[in-house]
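See below for structure.cif, which holds mmCIF, C-alpha atoms.
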```
data_final
loop_
_atom_site.group_PDB
_atom_site.id
_atom_site.type_symbol
_atom_site.label_atom_id
_atom_site.label_comp_id
_atom_site.auth_asym_id
_atom_site.auth_seq_id
_atom_site.Cartn_x
_atom_site.Cartn_y
_atom_site.Cartn_z
ATOM 1 C CA MET A 1174 111.053 62.127 120.688
ATOM 2 C CA GLY A 1175 107.660 61.679 119.100
ATOM 3 C CA THR A 1176 105.733 64.005 116.858
ATOM 4 C CA ILE A 1177 102.885 66.206 118.031
ATOM 5 C CA THR A 1178 99.614 64.370 117.550
ATOM 6 C CA GLY A 1179 96.267 65.921 116.758
ATOM 7 C CA GLY A 1180 97.869 68.760 114.840
ATOM 8 C CA TRP A 1181 95.299 68.843 112.039
ATOM 9 C CA GLY A 1182 92.765 70.750 114.152
ATOM 10 C CA PHE A 1183 95.257 73.586 114.661
ATOM 11 C CA VAL A 1184 96.250 73.481 110.982
ATOM 12 C CA ILE A 1185 92.625 73.762 109.845
ATOM 13 C CA ALA A 1186 92.008 76.573 112.340
ATOM 14 C CA GLY A 1187 95.083 78.467 111.108
ATOM 15 C CA TYR A 1188 94.233 78.132 107.417
ATOM 16 C CA ALA A 1189 90.538 78.917 107.966
ATOM 17 C CA LEU A 1190 91.381 82.043 109.932
ATOM 18 C CA THR A 1191 93.906 83.139 107.300
ATOM 19 C CA ALA A 1192 91.366 82.656 104.509
ATOM 20 C CA MET A 1193 88.732 84.544 106.499
ATOM 21 C CA VAL A 1194 90.999 87.556 107.110
ATOM 22 C CA LEU A 1195 92.324 87.682 103.526
ATOM 23 C CA VAL A 1196 88.875 87.384 101.939
ATOM 24 C CA SER A 1197 87.118 89.801 104.304
ATOM 25 C CA TYR A 1198 89.827 92.456 103.979
ATOM 26 C CA THR A 1199 89.748 92.166 100.175
ATOM 27 C CA ILE A 1200 85.960 92.561 100.166
ATOM 28 C CA SER A 1201 86.168 95.538 102.530
ATOM 29 C CA LEU A 1202 88.724 97.242 100.246
ATOM 30 C CA VAL A 1203 86.602 96.653 97.146
ATOM 31 C CA ILE A 1204 83.531 98.092 98.894
ATOM 32 C CA ARG A 1205 85.473 101.078 100.305
ATOM 33 C CA SER A 1206 87.010 101.805 96.888
ATOM 34 C CA ARG A 1207 83.500 102.300 95.491
ATOM 35 C CA VAL A 1208 82.532 104.904 98.082
ATOM 36 C CA ARG A 1209 82.179 108.378 96.541
ATOM 37 C CA PHE A 1210 83.629 111.224 98.536
ATOM 38 C CA PRO A 1211 82.171 114.730 98.056
ATOM 39 C CA SER A 1212 83.868 116.377 95.095
ATOM 40 C CA PRO A 1213 86.604 118.977 95.785
ATOM 41 C CA GLU A 1214 84.509 121.600 94.060
ATOM 42 C CA GLY A 1215 82.038 121.373 96.917
ATOM 43 C CA GLU A 1216 79.084 120.147 94.887
ATOM 44 C CA GLY A 1217 79.206 116.648 96.342
ATOM 45 C CA GLY A 1218 78.127 113.411 94.734
ATOM 46 C CA ALA A 1219 79.593 111.444 91.932
ATOM 47 C CA PRO A 1220 81.677 113.095 89.215
ATOM 48 C CA ALA A 1221 80.320 113.242 85.679
ATOM 49 C CA PRO A 1222 80.810 110.123 83.557
ATOM 50 C CA GLY A 1223 84.314 110.018 82.163
ATOM 51 C CA GLU A 1224 85.467 112.715 84.552
ATOM 52 C CA GLY A 1225 86.079 110.623 87.612
ATOM 53 C CA SER A 1226 88.601 111.526 90.269
ATOM 54 C CA ARG A 1227 92.236 110.583 89.870
ATOM 55 C CA ALA A 1228 91.550 107.602 92.099
ATOM 56 C CA ASP A 1229 88.676 106.541 89.850
ATOM 57 C CA ARG A 1230 90.927 106.800 86.830
ATOM 58 C CA GLY A 1231 93.231 104.263 88.407
ATOM 59 C CA GLU A 1232 95.974 106.673 89.436
ATOM 60 C CA TRP A 1233 97.341 105.590 92.710
ATOM 61 C CA MET B 1170 101.737 103.925 79.222
ATOM 62 C CA THR B 1171 98.889 101.807 80.589
ATOM 63 C CA SER B 1172 95.294 102.534 79.652
ATOM 64 C CA PRO B 1173 93.043 103.910 82.434
ATOM 65 C CA ARG B 1174 90.853 100.822 82.120
ATOM 66 C CA LEU B 1175 93.799 98.460 82.702
ATOM 67 C CA SER B 1176 95.187 100.702 85.420
ATOM 68 C CA ARG B 1177 91.822 100.649 87.191
ATOM 69 C CA ARG B 1178 91.724 96.870 87.126
ATOM 70 C CA LEU B 1179 95.378 96.274 87.970
ATOM 71 C CA PRO B 1180 94.831 95.852 91.745
ATOM 72 C CA LEU B 1181 92.142 93.227 91.161
ATOM 73 C CA LEU B 1182 94.463 91.457 88.732
ATOM 74 C CA PHE B 1183 97.181 91.317 91.388
ATOM 75 C CA ILE B 1184 94.646 90.067 93.940
ATOM 76 C CA LEU B 1185 93.391 87.319 91.603
ATOM 77 C CA VAL B 1186 96.935 86.135 90.747
ATOM 78 C CA GLY B 1187 97.831 86.230 94.459
ATOM 79 C CA ALA B 1188 94.733 84.235 95.413
ATOM 80 C CA ALA B 1189 95.457 81.623 92.727
ATOM 81 C CA LEU B 1190 99.070 81.224 93.880
ATOM 82 C CA LEU B 1191 97.959 81.042 97.502
ATOM 83 C CA LEU B 1192 95.360 78.361 96.734
ATOM 84 C CA CYS B 1193 97.908 76.216 94.828
ATOM 85 C CA GLY B 1194 100.619 76.725 97.443
ATOM 86 C CA SER B 1195 98.247 75.895 100.290
ATOM 87 C CA TYR B 1196 97.020 72.766 98.511
ATOM 88 C CA ILE B 1197 100.618 71.560 98.078
ATOM 89 C CA GLY B 1198 101.463 72.541 101.650
ATOM 90 C CA LEU B 1199 98.454 70.748 103.090
ATOM 91 C CA PHE B 1200 98.229 67.615 100.955
ATOM 92 C CA VAL B 1201 101.470 67.070 99.013
ATOM 93 C CA ALA B 1202 104.398 68.187 101.184
ATOM 94 C CA PRO B 1203 105.511 65.644 103.814
ATOM 95 C CA PRO B 1204 104.884 66.287 107.524
ATOM 96 C CA GLU B 1205 107.856 67.635 109.474
ATOM 97 C CA ARG B 1206 109.811 65.041 111.498
ATOM 98 C CA MET B 1207 109.454 66.665 114.927
ATOM 99 C CA MET B 1208 106.286 68.758 114.709
ATOM 100 C CA GLY B 1209 104.258 66.487 112.452
ATOM 101 C CA GLU B 1210 101.214 67.949 110.698
ATOM 102 C CA VAL B 1211 101.105 71.165 112.690
ATOM 103 C CA GLN B 1212 104.233 72.388 110.868
ATOM 104 C CA ARG B 1213 101.998 72.941 107.804
ATOM 105 C CA LEU B 1214 101.050 76.242 109.430
ATOM 106 C CA MET B 1215 104.498 77.446 108.369
ATOM 107 C CA TYR B 1216 103.291 77.786 104.753
ATOM 108 C CA VAL B 1217 100.963 80.623 105.730
ATOM 109 C CA HIS B 1218 102.685 81.960 108.851
ATOM 110 C CA VAL B 1219 106.123 82.649 107.357
ATOM 111 C CA PRO B 1220 104.831 84.311 104.122
ATOM 112 C CA THR B 1221 102.521 86.471 106.259
ATOM 113 C CA ALA B 1222 105.517 87.535 108.355
ATOM 114 C CA TRP B 1223 107.674 88.378 105.327
ATOM 115 C CA ASN B 1224 104.919 90.371 103.651
ATOM 116 C CA SER B 1225 103.851 92.273 106.764
ATOM 117 C CA MET B 1226 107.469 93.435 107.103
ATOM 118 C CA LEU B 1227 107.513 94.341 103.392
ATOM 119 C CA ALA B 1228 104.291 96.352 103.672
ATOM 120 C CA LEU B 1229 105.652 98.266 106.665
ATOM 121 C CA THR B 1230 108.955 98.826 104.827
ATOM 122 C CA PHE B 1231 106.923 100.280 101.946
ATOM 123 C CA ALA B 1232 105.150 102.563 104.442
ATOM 124 C CA PHE B 1233 108.559 103.649 105.778
ATOM 125 C CA ILE B 1234 109.801 104.466 102.257
ATOM 126 C CA ALA B 1235 106.563 106.355 101.537
ATOM 127 C CA ALA B 1236 106.965 108.315 104.789
ATOM 128 C CA LEU B 1237 110.504 109.301 103.816
ATOM 129 C CA ALA B 1238 109.379 110.209 100.290
ATOM 130 C CA TYR B 1239 106.572 112.373 101.694
ATOM 131 C CA LEU B 1240 108.857 114.203 104.105
ATOM 132 C CA ILE B 1241 111.506 114.770 101.411
ATOM 133 C CA GLY B 1242 109.306 115.546 98.399
ATOM 134 C CA GLY B 1243 106.010 116.556 99.961
ATOM 135 C CA ALA B 1244 103.817 114.867 97.338
ATOM 136 C CA TRP B 1245 100.399 113.852 98.637
ATOM 137 C CA LYS B 1246 100.496 110.590 96.728
ATOM 138 C CA TRP B 1247 103.172 109.391 99.173
ATOM 139 C CA ASP B 1248 100.905 110.182 102.108
ATOM 140 C CA ALA B 1249 98.190 108.033 100.507
ATOM 141 C CA ARG B 1250 100.708 105.246 99.880
ATOM 142 C CA MET B 1251 102.001 105.464 103.441
ATOM 143 C CA GLU B 1252 98.454 105.133 104.797
ATOM 144 C CA ALA B 1253 97.924 102.099 102.563
ATOM 145 C CA GLY B 1254 101.210 100.441 103.558
ATOM 146 C CA ILE B 1255 100.512 100.936 107.264
ATOM 147 C CA GLU B 1256 96.994 99.513 107.129
ATOM 148 C CA VAL B 1257 97.994 96.493 105.032
ATOM 149 C CA GLY B 1258 101.024 95.912 107.278
ATOM 150 C CA VAL B 1259 98.834 96.032 110.388
ATOM 151 C CA VAL B 1260 96.290 93.586 108.920
ATOM 152 C CA LEU B 1261 99.103 91.144 108.068
ATOM 153 C CA ALA B 1262 100.855 91.646 111.433
ATOM 154 C CA PHE B 1263 97.580 90.937 113.261
ATOM 155 C CA LEU B 1264 97.077 87.798 111.178
ATOM 156 C CA LEU B 1265 100.697 86.831 111.877
ATOM 157 C CA CYS B 1266 100.180 87.057 115.655
ATOM 158 C CA VAL B 1267 97.002 84.958 115.551
ATOM 159 C CA GLN B 1268 98.581 82.311 113.274
ATOM 160 C CA GLY B 1269 101.612 82.211 115.554
ATOM 161 C CA SER B 1270 99.394 81.787 118.573
ATOM 162 C CA ILE B 1271 97.574 78.853 116.950
ATOM 163 C CA TRP B 1272 100.960 77.261 116.136
ATOM 164 C CA ALA B 1273 102.368 77.992 119.613
ATOM 165 C CA LYS B 1274 99.694 76.103 121.535
ATOM 166 C CA PRO B 1275 100.503 72.577 120.249
ATOM 167 C CA THR B 1276 104.278 73.160 120.021
ATOM 168 C CA TRP B 1277 105.069 75.296 123.085
ATOM 169 C CA GLY B 1278 102.017 74.412 125.192
ATOM 170 C CA VAL B 1279 100.896 78.058 125.483
ATOM 171 C CA TRP B 1280 98.953 80.430 123.228
ATOM 172 C CA TRP B 1281 101.333 83.306 123.951
ATOM 173 C CA ASP B 1282 104.704 83.856 125.584
ATOM 174 C CA TRP B 1283 106.542 87.094 126.271
ATOM 175 C CA ASP B 1284 109.449 85.858 124.197
ATOM 176 C CA PRO B 1285 111.614 88.466 122.372
ATOM 177 C CA ARG B 1286 110.209 87.702 118.887
ATOM 178 C CA LEU B 1287 106.593 87.715 120.029
ATOM 179 C CA THR B 1288 107.000 90.765 122.217
ATOM 180 C CA THR B 1289 108.726 92.864 119.542
ATOM 181 C CA THR B 1290 106.068 91.802 117.010
ATOM 182 C CA ALA B 1291 103.300 92.831 119.420
ATOM 183 C CA VAL B 1292 105.036 96.191 119.921
ATOM 184 C CA LEU B 1293 105.228 96.590 116.129
ATOM 185 C CA LEU B 1294 101.529 95.821 115.709
ATOM 186 C CA LEU B 1295 100.507 98.240 118.464
ATOM 187 C CA ALA B 1296 102.838 101.001 117.215
ATOM 188 C CA PHE B 1297 101.457 100.941 113.673
ATOM 189 C CA ALA B 1298 97.863 100.499 114.897
ATOM 190 C CA GLY B 1299 98.532 103.620 116.976
ATOM 191 C CA ILE B 1300 99.571 105.507 113.827
ATOM 192 C CA ILE B 1301 96.269 104.532 112.183
ATOM 193 C CA ALA B 1302 94.500 105.908 115.275
ATOM 194 C CA LEU B 1303 96.621 109.089 115.094
ATOM 195 C CA ARG B 1304 95.546 109.619 111.490
ATOM 196 C CA ARG B 1305 91.894 109.345 112.549
ATOM 197 C CA PHE B 1306 92.291 111.995 115.230
ATOM 198 C CA VAL B 1307 94.021 114.691 113.126
ATOM 199 C CA ASP B 1308 91.706 116.522 110.729
ATOM 200 C CA ASP B 1309 94.249 118.783 109.067
ATOM 201 C CA PRO B 1310 95.705 116.820 106.114
ATOM 202 C CA GLY B 1311 99.119 118.514 106.283
ATOM 203 C CA ARG B 1312 99.640 117.902 109.989
ATOM 204 C CA ARG B 1313 98.209 114.393 109.708
ATOM 205 C CA ALA B 1314 100.636 113.512 106.920
ATOM 206 C CA THR B 1315 103.698 114.995 108.611
ATOM 207 C CA TRP B 1316 102.993 113.605 112.077
ATOM 208 C CA SER B 1317 102.188 110.124 110.820
ATOM 209 C CA ALA B 1318 105.262 110.126 108.533
ATOM 210 C CA VAL B 1319 107.502 110.950 111.511
ATOM 211 C CA ALA B 1320 105.721 108.343 113.669
ATOM 212 C CA THR B 1321 106.115 105.751 110.893
ATOM 213 C CA ILE B 1322 109.855 106.373 110.676
ATOM 214 C CA ILE B 1323 110.179 105.984 114.464
ATOM 215 C CA ALA B 1324 107.977 102.858 114.589
ATOM 216 C CA PHE B 1325 109.881 101.294 111.693
ATOM 217 C CA ALA B 1326 112.942 101.003 113.945
ATOM 218 C CA ASP B 1327 111.194 97.946 115.422
ATOM 219 C CA VAL B 1328 111.144 96.060 112.086
ATOM 220 C CA PRO B 1329 114.854 95.079 112.084
ATOM 221 C CA ILE B 1330 114.584 94.377 115.826
ATOM 222 C CA VAL B 1331 111.749 91.898 115.122
ATOM 223 C CA TYR B 1332 113.786 90.257 112.369
ATOM 224 C CA PHE B 1333 117.008 89.884 114.365
ATOM 225 C CA SER B 1334 115.370 89.246 117.779
ATOM 226 C CA VAL B 1335 115.747 85.469 117.384
ATOM 227 C CA LYS B 1336 119.486 85.911 116.810
ATOM 228 C CA TRP B 1337 120.172 88.591 119.407
ATOM 229 C CA TRP B 1338 118.333 87.020 122.350
ATOM 230 C CA ASN B 1339 117.473 83.560 123.671
ATOM 231 C CA SER B 1340 114.125 82.882 122.076
ATOM 232 C CA LEU B 1341 111.528 80.133 122.131
ATOM 233 C CA HIS B 1342 110.854 81.078 118.526
ATOM 234 C CA GLN B 1343 112.872 79.284 115.887
ATOM 235 C CA LEU B 1344 115.431 81.108 113.720
ATOM 236 C CA GLN B 1345 114.315 82.839 110.517
ATOM 237 C CA SER B 1346 112.951 80.401 107.935
ATOM 238 C CA THR B 1347 115.000 80.678 104.741
ATOM 239 C CA PRO B 1348 115.839 78.177 101.964
ATOM 240 C CA GLN B 1349 119.015 77.428 103.943
ATOM 241 C CA THR B 1350 117.183 76.601 107.181
ATOM 242 C CA VAL B 1351 114.162 74.801 105.682
ATOM 243 C CA SER B 1352 114.141 71.325 104.086
ATOM 244 C CA SER B 1353 113.959 71.391 100.274
ATOM 245 C CA ALA B 1354 110.675 69.440 100.381
ATOM 246 C CA PHE B 1355 109.055 72.512 101.933
ATOM 247 C CA HIS B 1356 110.416 75.090 99.462
ATOM 248 C CA LEU B 1357 107.708 74.966 96.773
ATOM 249 C CA PRO B 1358 104.606 75.609 98.927
ATOM 250 C CA LEU B 1359 106.511 78.183 100.984
ATOM 251 C CA ARG B 1360 107.597 80.118 97.885
ATOM 252 C CA MET B 1361 104.191 79.869 96.186
ATOM 253 C CA ASN B 1362 102.426 81.219 99.264
ATOM 254 C CA ALA B 1363 105.076 83.916 99.733
ATOM 255 C CA PHE B 1364 104.486 85.155 96.170
ATOM 256 C CA GLY B 1365 100.724 84.679 96.593
ATOM 257 C CA ILE B 1366 100.581 86.946 99.636
ATOM 258 C CA LEU B 1367 103.055 89.344 97.952
ATOM 259 C CA PHE B 1368 100.688 89.764 94.971
ATOM 260 C CA LEU B 1369 97.712 90.130 97.316
ATOM 261 C CA MET B 1370 99.622 92.737 99.307
ATOM 262 C CA ILE B 1371 100.510 94.741 96.177
ATOM 263 C CA GLY B 1372 96.877 94.682 95.012
ATOM 264 C CA TRP B 1373 95.668 95.720 98.472
ATOM 265 C CA ILE B 1374 98.158 98.597 98.710
ATOM 266 C CA MET B 1375 97.167 99.882 95.268
ATOM 267 C CA LEU B 1376 93.465 99.699 96.117
ATOM 268 C CA ARG B 1377 93.926 101.212 99.577
ATOM 269 C CA SER B 1378 96.069 104.031 98.145
ATOM 270 C CA ARG B 1379 93.245 104.960 95.804
ATOM 271 C CA ILE B 1380 90.819 105.132 98.721
ATOM 272 C CA ALA B 1381 93.229 107.362 100.674
ATOM 273 C CA GLN B 1382 93.861 109.504 97.590
ATOM 274 C CA ALA B 1383 90.140 109.930 96.877
ATOM 275 C CA ARG B 1384 89.576 111.050 100.469
ATOM 276 C CA LEU B 1385 92.526 113.468 100.256
ATOM 277 C CA GLU B 1386 91.141 114.942 97.037
ATOM 278 C CA SER B 1387 87.844 115.597 98.791
ATOM 279 C CA GLU B 1388 89.644 117.250 101.724
ATOM 280 C CA LEU B 1389 91.914 119.488 99.651
ATOM 281 C CA ALA B 1390 89.929 122.030 97.723
ATOM 282 C CA PRO B 1391 92.239 123.043 94.886
ATOM 283 C CA PRO B 1392 93.173 126.754 94.835
ATOM 284 C CA PRO B 1393 92.676 128.626 91.535
ATOM 285 C CA ALA B 1394 95.055 127.362 88.865
ATOM 286 C CA ALA B 1395 96.236 124.666 91.229
ATOM 287 C CA THR B 1396 99.246 122.610 90.318
ATOM 288 C CA SER B 1397 99.084 118.849 89.922
ATOM 289 C CA PHE B 1398 97.513 117.086 92.891
ATOM 290 C CA SER B 1399 100.121 114.416 93.215
ATOM 291 C CA ASP B 1400 103.210 116.399 92.350
ATOM 292 C CA ASN B 1401 103.107 119.408 94.625
ATOM 293 C CA ALA B 1402 101.814 119.069 98.137
ATOM 294 C CA HIS B 1403 103.584 122.200 99.341
ATOM 295 C CA ALA B 1404 101.464 124.318 97.022
ATOM 296 C CA THR B 1405 98.219 122.961 98.474
ATOM 297 C CA ALA B 1406 99.231 122.286 102.067
ATOM 298 C CA GLY B 1407 99.060 125.986 102.734
ATOM 299 C CA GLY B 1408 101.974 126.173 105.125
ATOM 300 C CA HIS B 1409 100.902 123.292 107.336
ATOM 301 C CA ARG B 1410 104.345 121.717 107.165
#
```

The structure given in the file should be rewritten as structure tokens.
Amino acid sequence: MGTITGGWGFVIAGYALTAMVLVSYTISLVIRSRVRFPSPEGEGGAPAPGEGSRADRGEW
Amino acid sequence: MTSPRLSRRLPLLFILVGAALLLCGSYIGLFVAPPERMMGEVQRLMYVHVPTAWNSMLALTFAFIAALAYLIGGAWKWDARMEAGIEVGVVLAFLLCVQGSIWAKPTWGVWWDWDPRLTTTAVLLLAFAGIIALRRFVDDPGRRATWSAVATIIAFADVPIVYFSVKWWNSLHQLQSTPQTVSSAFHLPLRMNAFGILFLMIGWIMLRSRIAQARLESELAPPPAATSFSDNAHATAGGHR
């Protein structure tokens, strides 16, 4: 029983697709994590410097 | 106690370590490890496919634990973590299906087959994608959290079925890849990529949880003298549960 020939094309496609998904999802998360939601107090906009939301302070 | 600055950067640190491990593991898998005797070069897809499978199951298991924690304790932070675990699990499960399809064509001769492993994985992907859709449709945070936690617990029943499907039924798909079933020459790249995607997954879940938590904070106007956001959902849910 011989080996499958011409496998490199599929390997490159698989790795390229994996890299594309991993990189694009990481970028999307970084961009989404910078989006400011309206403040709970109803004023909207970014919180004052040093008074960021819990999420901004790194609490997850 | 970690400083806020370090805590803020922790997800990116995990992502960077994961990316570095993944790059090294993929290099070894592509250029150092020998080709497999039967499948030849195409077997190198295993070094990304199997770690993706393990970590998608882990992410969905995390979502299941978060769903249980939310239903038992009622803390909003678990709702945010559940949302993160589901989304990351779905991204990895989607990637898993596409990688598997690319591997299936040269080895099985088809891009897709309604084999037990593939079918149960597709059901898993659709079930959790459906929970993401459910969360989009429900505006009330309390109902959204409770309904999606219950749906997550139900959908999670498919995770062990996916894992054991290759043992329970006749399957085109090979048995689970473990150090016992894989040649020792393949261990290093497989482990490096498994830890690489694990670190990426942890970083993603942390980052995604923050996004979910920030949105929740904007949705839940705190009542006067409100208790801690993350520690008492019942106080702020206002009888939604």

Atom pair CA of Ser1352 (chain B) / CA of Arg1206 (chain B): separation (Å):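 Taking CA of Ser1352 (chain B) and CA of Arg1206 (chain B), their separation equals 10.6 Å.
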
Box dimensions and centre (Å, one decimal) enclosing region 1264-1276 of chain B, axis-aligned, 8 Å extra per side, as AutoDock Vina command-line options:
```
--center_x 100.6 --center_y 80.2 --center_z 116.4 --size_x 23.3 --size_y 31.2 --size_z 26.4
```

Kindly give the distance, in Å, that separates CA of Ile1371 (chain B) and CA of Leu1265 (chain B), rounded to a single decimal. 17.6 Å

Determine the nearest neighbour of Ala1318 (chain B) from the options B:Leu1190, B:Ala1222, B:Ile1300, B:Ala1244, counting only C-alpha atoms.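 Selected residue with least distance to Ala1318 (chain B): B:Ile1300.
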
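Note that CA of Leu1295 (chain B) and CA of Ser1334 (chain B) are 17.4 Å apart.
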
So, with only C-alpha atoms as the atoms that count, which of B:Pro1329, B:Gly1209, B:Pro1204, B:Gly1194 lies closest to chain A? B:Gly1209

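Proximity to chain A was assessed for B:Leu1294, B:Ala1302, B:Ala1381, B:Leu1182 counting only C-alpha atoms; the smallest distance is recorded for B:Ala1381.
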
Can you translate the PyMOL selection byres ((chain B) within 8 of (chain A)) into the concrete residues it hits in this file, as a ChimeraX atom specification? /B:1173-1174,1176-1178,1206-1211,1213-1214,1217,1246,1250,1264,1268,1271-1272,1275-1276,1373,1375-1380,1382-1384,1386-1391

Quick one: write out the picked residues with C-alpha atoms as a PDB file, keeping the file's coordinate frame?
```
ATOM      1  CA  PRO B1173      93.043 103.910  82.434  1.00  0.00           C
ATOM      2  CA  ARG B1174      90.853 100.822  82.120  1.00  0.00           C
ATOM      3  CA  SER B1176      95.187 100.702  85.420  1.00  0.00           C
ATOM      4  CA  ARG B1177      91.822 100.649  87.191  1.00  0.00           C
ATOM      5  CA  ARG B1178      91.724  96.870  87.126  1.00  0.00           C
ATOM      6  CA  ARG B1206     109.811  65.041 111.498  1.00  0.00           C
ATOM      7  CA  MET B1207     109.454  66.665 114.927  1.00  0.00           C
ATOM      8  CA  MET B1208     106.286  68.758 114.709  1.00  0.00           C
ATOM      9  CA  GLY B1209     104.258  66.487 112.452  1.00  0.00           C
ATOM     10  CA  GLU B1210     101.214  67.949 110.698  1.00  0.00           C
ATOM     11  CA  VAL B1211     101.105  71.165 112.690  1.00  0.00           C
ATOM     12  CA  ARG B1213     101.998  72.941 107.804  1.00  0.00           C
ATOM     13  CA  LEU B1214     101.050  76.242 109.430  1.00  0.00           C
ATOM     14  CA  VAL B1217     100.963  80.623 105.730  1.00  0.00           C
ATOM     15  CA  LYS B1246     100.496 110.590  96.728  1.00  0.00           C
ATOM     16  CA  ARG B1250     100.708 105.246  99.880  1.00  0.00           C
ATOM     17  CA  LEU B1264      97.077  87.798 111.178  1.00  0.00           C
ATOM     18  CA  GLN B1268      98.581  82.311 113.274  1.00  0.00           C
ATOM     19  CA  ILE B1271      97.574  78.853 116.950  1.00  0.00           C
ATOM     20  CA  TRP B1272     100.960  77.261 116.136  1.00  0.00           C
ATOM     21  CA  PRO B1275     100.503  72.577 120.249  1.00  0.00           C
ATOM     22  CA  THR B1276     104.278  73.160 120.021  1.00  0.00           C
ATOM     23  CA  TRP B1373      95.668  95.720  98.472  1.00  0.00           C
ATOM     24  CA  MET B1375      97.167  99.882  95.268  1.00  0.00           C
ATOM     25  CA  LEU B1376      93.465  99.699  96.117  1.00  0.00           C
ATOM     26  CA  ARG B1377      93.926 101.212  99.577  1.00  0.00           C
ATOM     27  CA  SER B1378      96.069 104.031  98.145  1.00  0.00           C
ATOM     28  CA  ARG B1379      93.245 104.960  95.804  1.00  0.00           C
ATOM     29  CA  ILE B1380      90.819 105.132  98.721  1.00  0.00           C
ATOM     30  CA  GLN B1382      93.861 109.504  97.590  1.00  0.00           C
ATOM     31  CA  ALA B1383      90.140 109.930  96.877  1.00  0.00           C
ATOM     32  CA  ARG B1384      89.576 111.050 100.469  1.00  0.00           C
ATOM     33  CA  GLU B1386      91.141 114.942  97.037  1.00  0.00           C
ATOM     34  CA  SER B1387      87.844 115.597  98.791  1.00  0.00           C
ATOM     35  CA  GLU B1388      89.644 117.250 101.724  1.00  0.00           C
ATOM     36  CA  LEU B1389      91.914 119.488  99.651  1.00  0.00           C
ATOM     37  CA  ALA B1390      89.929 122.030  97.723  1.00  0.00           C
ATOM     38  CA  PRO B1391      92.239 123.043  94.886  1.00  0.00           C
TER      39      PRO B1391
END
```

What does the PyMOL selection byres ((chain B and resi 1321-1327) around 12) select in this file, as a ChimeraX atom specification? /B:1225-1240,1248,1251-1252,1254-1256,1258,1285-1286,1288-1301,1303-1304,1313-1320,1328-1334

Put region 1185-1195 of chain B into a file with N, CA, C and O atoms, as a tab-separated table (two decimals), in the first residue's frame.
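Everything below was put into decode_9.tsv:
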```tsv
chain	number	residue	atom	x	y	z
B	1185	LEU	N	0.51	35.67	23.24
B	1185	LEU	CA	1.87	35.70	22.68
B	1185	LEU	C	2.60	34.39	22.94
B	1185	LEU	O	3.25	33.84	22.05
B	1186	VAL	N	2.49	33.86	24.19
B	1186	VAL	CA	3.14	32.58	24.51
B	1186	VAL	C	2.53	31.47	23.65
B	1186	VAL	O	3.25	30.62	23.10
B	1187	GLY	N	1.21	31.48	23.50
B	1187	GLY	CA	0.53	30.48	22.68
B	1187	GLY	C	0.98	30.54	21.24
B	1187	GLY	O	1.26	29.51	20.62
B	1188	ALA	N	1.09	31.76	20.70
B	1188	ALA	CA	1.51	31.92	19.30
B	1188	ALA	C	2.94	31.42	19.11
B	1188	ALA	O	3.25	30.76	18.11
B	1189	ALA	N	3.81	31.72	20.09
B	1189	ALA	CA	5.21	31.28	19.99
B	1189	ALA	C	5.30	29.75	20.01
B	1189	ALA	O	6.01	29.13	19.19
B	1190	LEU	N	4.55	29.13	20.93
B	1190	LEU	CA	4.55	27.66	21.00
B	1190	LEU	C	4.00	27.06	19.70
B	1190	LEU	O	4.53	26.07	19.19
B	1191	LEU	N	2.95	27.68	19.20
B	1191	LEU	CA	2.30	27.17	17.98
B	1191	LEU	C	3.24	27.29	16.78
B	1191	LEU	O	3.30	26.37	15.94
B	1192	LEU	N	3.98	28.39	16.71
B	1192	LEU	CA	4.93	28.56	15.60
B	1192	LEU	C	6.02	27.51	15.67
B	1192	LEU	O	6.37	26.88	14.65
B	1193	CYS	N	6.58	27.29	16.88
B	1193	CYS	CA	7.67	26.29	17.03
B	1193	CYS	C	7.12	24.89	16.74
B	1193	CYS	O	7.76	24.11	16.02
B	1194	GLY	N	5.98	24.57	17.32
B	1194	GLY	CA	5.39	23.24	17.12
B	1194	GLY	C	5.07	22.98	15.65
B	1194	GLY	O	5.29	21.88	15.14
B	1195	SER	N	4.56	24.00	14.97
B	1195	SER	CA	4.21	23.84	13.56
B	1195	SER	C	5.47	23.68	12.70
B	1195	SER	O	5.48	22.90	11.75
```
